[in-house]
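Asker: Shown below is the structure under consideration.
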Amino acid sequence: MLTAVVTQSGSAYTVHLASVPPDSTAEQTISSEPVALATVTSDSATSETLAFEPQIAESGVVTASEAEHEATVEVNPGPSPIAPELKEVAWGGGSFVVFAVLMRYVLYPRLKKGMDARYASIRASHEGADATRAEAKAEVAGYEAQLAGVKAEAAAHIDAARQTLETERAAKLAAVGAEIAEQRAAASAANDAARQAVQSQIESAVGDVSGRAIELAVGKTPDAAVVSRVVLEVMSVGVAR
Amino acid sequence: MFGLEFPPINEILRWHDLFSSFNKISLIAVAAAVIGSLVFLLAGSKDATVAPTGIRNLAETSVEFIEDSVIMQTMGKEGLAWTPFLLSLFVFIFLCNLTGIVPILQMPATARIAIPLFLSLLVWVIFIGTGLKHQKLSYLTHLLWPPGVPVALKPLVGLIEFFSTIIVRPLSLTVRLFANMLAGHILLVTFALLSEAMFQAETYVPILTIGGILPFFMLVFLTAFEVLVVFLQAYIFTILTAVYIASSTHAEH
Amino acid sequence: MEAISHIAAVALTGDEQKKANAAIGAGFAYGIAAIGPGIGIGYIVGKSVEAMARQPEAAGMVRTTMFLGIAFTEALALIGFVVFILIGL
């Protein structure tokens, strides 16, 4: 029967192997035997006991002479998680320093040179564009001034034309008006003459008729001048009425 | 009942050494430096006159990011000379963080304290050196006493300022980066273990196998969240570096 | 309940008891350390959003300052996390 006592002290594990007389069964050794063995290595912090299967002991792997020997098993516990390891500091720091130096003297200047060149060219194109724009603006201003001149000229022409038209029209209107007035005067003169003629005819006719009527009634021929005066008076009264 | 046992933390953080003085963290750090250099080398060798595309676009975007949102916001125009250093800091930390969510690697190099510690000590040396260079020996008195402190308060203020500038600054830089990445890593490991244990539960209960989808979704979601954290931690480390350097180039008024 | 505590007292050796206490302490260390920074980050982000909404043209500066504030506040929680790792694992 082989019993292994694994003790842990700090980060290292130590394994004690001890051979036990095979008169007791494996189940019982777990409770009885390891207590005695654990007291042998009383300096350890914790102790676990494992009872190997009996056939390992029977196969004679461990002889009685090397029954009690120590084997230290490294389980790679490592340092505390927040303790820096020298190799990591060295590799990490070394690679960072190399990277920073490369960046300072090679990588960044190359990149920056390209960026600056591009930005400079972009700025130059911007300035060119600005100049072109200013030029175009000046041209536009000139064109607009020209346009304004032309417009003013055209307006003057139009005004002059309108003026002449206006005077011509006024003259023609005056001429036509005069003609109309003249014709109207002629027509009214003819009218008056005709009315005069008709009135004198009516007077003479009425005088004749009244003279004749008085002659027939009185038997005397009245004075023509008196008759015509009376007729004229009556007619003028009749017309006035 | 589930028998889910979380492995000891060293098991999820340590790998077997590839050879005696070179382990996975070292590999990731070297790879980050090499990949960063390659990206910028390729970007620099492309035609610079046309509009940038692909890898050159990536590199120029990162340069402009550092210039616009880190330096101009904290140091102003005279800080632009620091661009290469801050850029390499940002790229290196970003790539070291990024391995936490790259399949197979699945381990942020900054979740071990070595690289954050080295970087913050480097930053510490640089900002103190910058202060000494710009303000000569008056930097040391400015460090302890901002101008205008009454004499009676000088011992107290000096103690506080010394503590906060000399000790807390590098310590908090280290711990912030390291603990953020470690926490993210532990979170991912937890959900990966949980979903694995539920998928392969020995007591075959169908509800367990089906329910295992939930931690798996959480795992996917957290991985996406880690992308944000990866970027943000690199950004914060860089911008704090810029702030510290800016504080030592100008005397506080 | 009494029975369970009795069993626990019997089953745990001194070393295991120490470990259990450490685990409990670690949990509390991180949990309590996260309260203050949680409130603080909430304040910072809330006020920053307010400021950005008021003055969108100052958003870039506010965002940078916000990240700085978050970083400083978060450091407290992360120190708690480190303590959790130190004593718990």
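Residues in the structure tokens are numbered from 1 in each chain, the chains being A, B, ... in the order shown, and ligands are numbered from 1 in the order shown.
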Up to 9 Å from chain B, what residues of chain A turn up? Count only C-alpha atoms and give them as a PyMOL selection string.
Answerer: chain A and resi 76-96+98-115+117-119+121
Asker: Give as a list in words every residue of chain C that touches chain B within 9 Å, counting only C-alpha atoms.
Answerer: Gly60, Met61, Thr64, Thr65, Phe67, Leu68, Ala71, Phe72, Glu74, Ala75, Leu76, Leu78, Ile79, Phe81, Val82, Ile85 and Leu89 of chain C
Asker: Let me see the file: selected residues, N, CA and C atoms, as a compact mmCIF listing (two decimals), in the first residue's frame.
Answerer:
# COMPACT_ATOMS: atom_id res chain seq x y z
N GLY C 60 -16.44 69.58 -27.87
CA GLY C 60 -15.14 68.88 -27.91
C GLY C 60 -14.38 69.07 -26.61
N MET C 61 -14.33 70.30 -26.15
CA MET C 61 -13.59 70.58 -24.92
C MET C 61 -14.26 69.89 -23.73
N THR C 64 -13.45 66.15 -23.72
CA THR C 64 -12.09 65.85 -23.23
C THR C 64 -12.03 65.96 -21.72
N THR C 65 -12.58 67.03 -21.19
CA THR C 65 -12.56 67.23 -19.75
C THR C 65 -13.35 66.13 -19.05
N PHE C 67 -13.72 63.04 -20.07
CA PHE C 67 -12.94 61.80 -20.01
C PHE C 67 -11.86 61.90 -18.93
N LEU C 68 -11.26 63.07 -18.80
CA LEU C 68 -10.26 63.23 -17.74
C LEU C 68 -10.88 63.02 -16.38
N ALA C 71 -11.60 59.46 -15.79
CA ALA C 71 -10.38 58.69 -15.54
C ALA C 71 -9.93 58.86 -14.10
N PHE C 72 -9.98 60.11 -13.60
CA PHE C 72 -9.53 60.32 -12.22
C PHE C 72 -10.47 59.66 -11.22
N GLU C 74 -12.50 57.11 -11.79
CA GLU C 74 -12.51 55.66 -11.94
C GLU C 74 -11.33 55.02 -11.23
N ALA C 75 -10.22 55.78 -11.09
CA ALA C 75 -9.02 55.22 -10.47
C ALA C 75 -9.34 54.69 -9.08
N LEU C 76 -10.25 55.37 -8.36
CA LEU C 76 -10.60 54.92 -7.02
C LEU C 76 -11.21 53.53 -7.05
N LEU C 78 -10.80 51.37 -9.33
CA LEU C 78 -9.83 50.39 -9.79
C LEU C 78 -8.85 50.01 -8.69
N ILE C 79 -8.58 50.96 -7.79
CA ILE C 79 -7.74 50.60 -6.64
C ILE C 79 -8.47 49.55 -5.80
N PHE C 81 -10.48 47.40 -7.02
CA PHE C 81 -10.38 46.16 -7.79
C PHE C 81 -9.03 45.49 -7.55
N VAL C 82 -7.97 46.29 -7.49
CA VAL C 82 -6.65 45.72 -7.24
C VAL C 82 -6.58 45.10 -5.86
N ILE C 85 -8.12 41.81 -6.00
CA ILE C 85 -7.24 40.78 -6.55
C ILE C 85 -6.18 40.39 -5.54
N LEU C 89 -7.51 36.52 -4.31
CA LEU C 89 -7.13 35.45 -5.22
C LEU C 89 -5.72 34.97 -4.99
Asker: Could you tell me how far atom CA of Val229 of chain B sits from atom CA of Pro56 of chain C, in Å to one decimal place?
Answerer: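 Answer for the atom CA of Pro56 of chain C to atom CA of Val229 of chain B separation: 25.2 Å.
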Asker: Quick one: residues within 12 Å of Met52 of chain C, only C-alpha atoms, excluding same-chain residues fewer than 3 positions away - as a ChimeraX atom specification?
Answerer: /C:45-49,55-66
Asker: Hey, which of B:Val220, B:Ile245, B:Leu159, B:Ala234 ends up closest to Leu187 of chain B? Count only C-alpha atoms.
Answerer: B:Val220
Asker: Tell me which protein, DNA and RNA residues are within 10 Å of segment 137-142 of chain B, counting only C-alpha atoms, leaving out same-chain ones fewer than 5 positions away, and put them as an MDAnalysis selection string.
Answerer: chainID B and resid 128:132 147 158 161:162 248:253
Asker: Generate a file of the selected residues that holds N, CA and C atoms, formatted as an mmCIF file, in the first residue's frame.
Answerer:
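Listed below is the output, part-v7.cif:
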data_model
loop_
_atom_site.group_PDB
_atom_site.id
_atom_site.type_symbol
_atom_site.label_atom_id
_atom_site.label_comp_id
_atom_site.auth_asym_id
_atom_site.auth_seq_id
_atom_site.Cartn_x
_atom_site.Cartn_y
_atom_site.Cartn_z
ATOM 1 N N ILE B 128 8.653 64.766 -15.724
ATOM 2 C CA ILE B 128 9.546 65.467 -14.782
ATOM 3 C C ILE B 128 10.727 66.061 -15.539
ATOM 4 N N GLY B 129 11.246 65.292 -16.505
ATOM 5 C CA GLY B 129 12.361 65.806 -17.303
ATOM 6 C C GLY B 129 11.960 67.048 -18.083
ATOM 7 N N THR B 130 10.751 67.013 -18.657
ATOM 8 C CA THR B 130 10.268 68.184 -19.394
ATOM 9 C C THR B 130 10.143 69.396 -18.486
ATOM 10 N N GLY B 131 9.628 69.146 -17.271
ATOM 11 C CA GLY B 131 9.489 70.255 -16.330
ATOM 12 C C GLY B 131 10.840 70.849 -15.989
ATOM 13 N N LEU B 132 11.817 69.982 -15.731
ATOM 14 C CA LEU B 132 13.149 70.495 -15.395
ATOM 15 C C LEU B 132 13.747 71.253 -16.565
ATOM 16 N N PRO B 147 2.100 78.746 -6.963
ATOM 17 C CA PRO B 147 2.342 80.117 -6.531
ATOM 18 C C PRO B 147 1.139 80.665 -5.785
ATOM 19 N N GLY B 158 2.589 71.214 0.328
ATOM 20 C CA GLY B 158 3.746 70.574 -0.275
ATOM 21 C C GLY B 158 3.651 69.064 -0.164
ATOM 22 N N GLU B 161 0.881 67.882 -2.600
ATOM 23 C CA GLU B 161 1.266 68.003 -4.007
ATOM 24 C C GLU B 161 2.348 66.994 -4.362
ATOM 25 N N PHE B 162 3.297 66.829 -3.457
ATOM 26 C CA PHE B 162 4.359 65.856 -3.704
ATOM 27 C C PHE B 162 3.757 64.469 -3.869
ATOM 28 N N SER B 248 3.766 70.354 -16.979
ATOM 29 C CA SER B 248 5.142 70.657 -16.598
ATOM 30 C C SER B 248 5.824 71.604 -17.583
ATOM 31 N N THR B 249 5.212 71.848 -18.767
ATOM 32 C CA THR B 249 5.827 72.853 -19.632
ATOM 33 C C THR B 249 5.418 74.262 -19.208
ATOM 34 N N HIS B 250 4.212 74.420 -18.672
ATOM 35 C CA HIS B 250 3.786 75.744 -18.214
ATOM 36 C C HIS B 250 3.834 75.775 -16.705
ATOM 37 N N ALA B 251 4.304 76.890 -16.160
ATOM 38 C CA ALA B 251 4.172 77.080 -14.727
ATOM 39 C C ALA B 251 2.701 77.344 -14.445
ATOM 40 N N GLU B 252 2.218 76.747 -13.371
ATOM 41 C CA GLU B 252 0.806 76.977 -13.059
ATOM 42 C C GLU B 252 0.629 78.407 -12.608
ATOM 43 N N HIS B 253 -0.459 79.006 -13.068
ATOM 44 C CA HIS B 253 -0.633 80.412 -12.705
ATOM 45 C C HIS B 253 -1.691 80.591 -11.649
#
Asker: In Å, with one decimal, what is the gap from atom CA of Arg229 of chain A to atom CA of Ala205 of chain A?
Answerer: 13.2 Å
Asker: Counting only C-alpha atoms, which of C:Gly69, C:Ile41, C:Ala53, C:Asp15 gets nearest to chain A?
Answerer: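 Closest residue, counting only C-alpha atoms: C:Asp15.
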Asker: Nearest to chain A: which of C:Ala22, C:Ala77, C:Ala33, C:Val83 is it, counting only C-alpha atoms?
Answerer: C:Val83
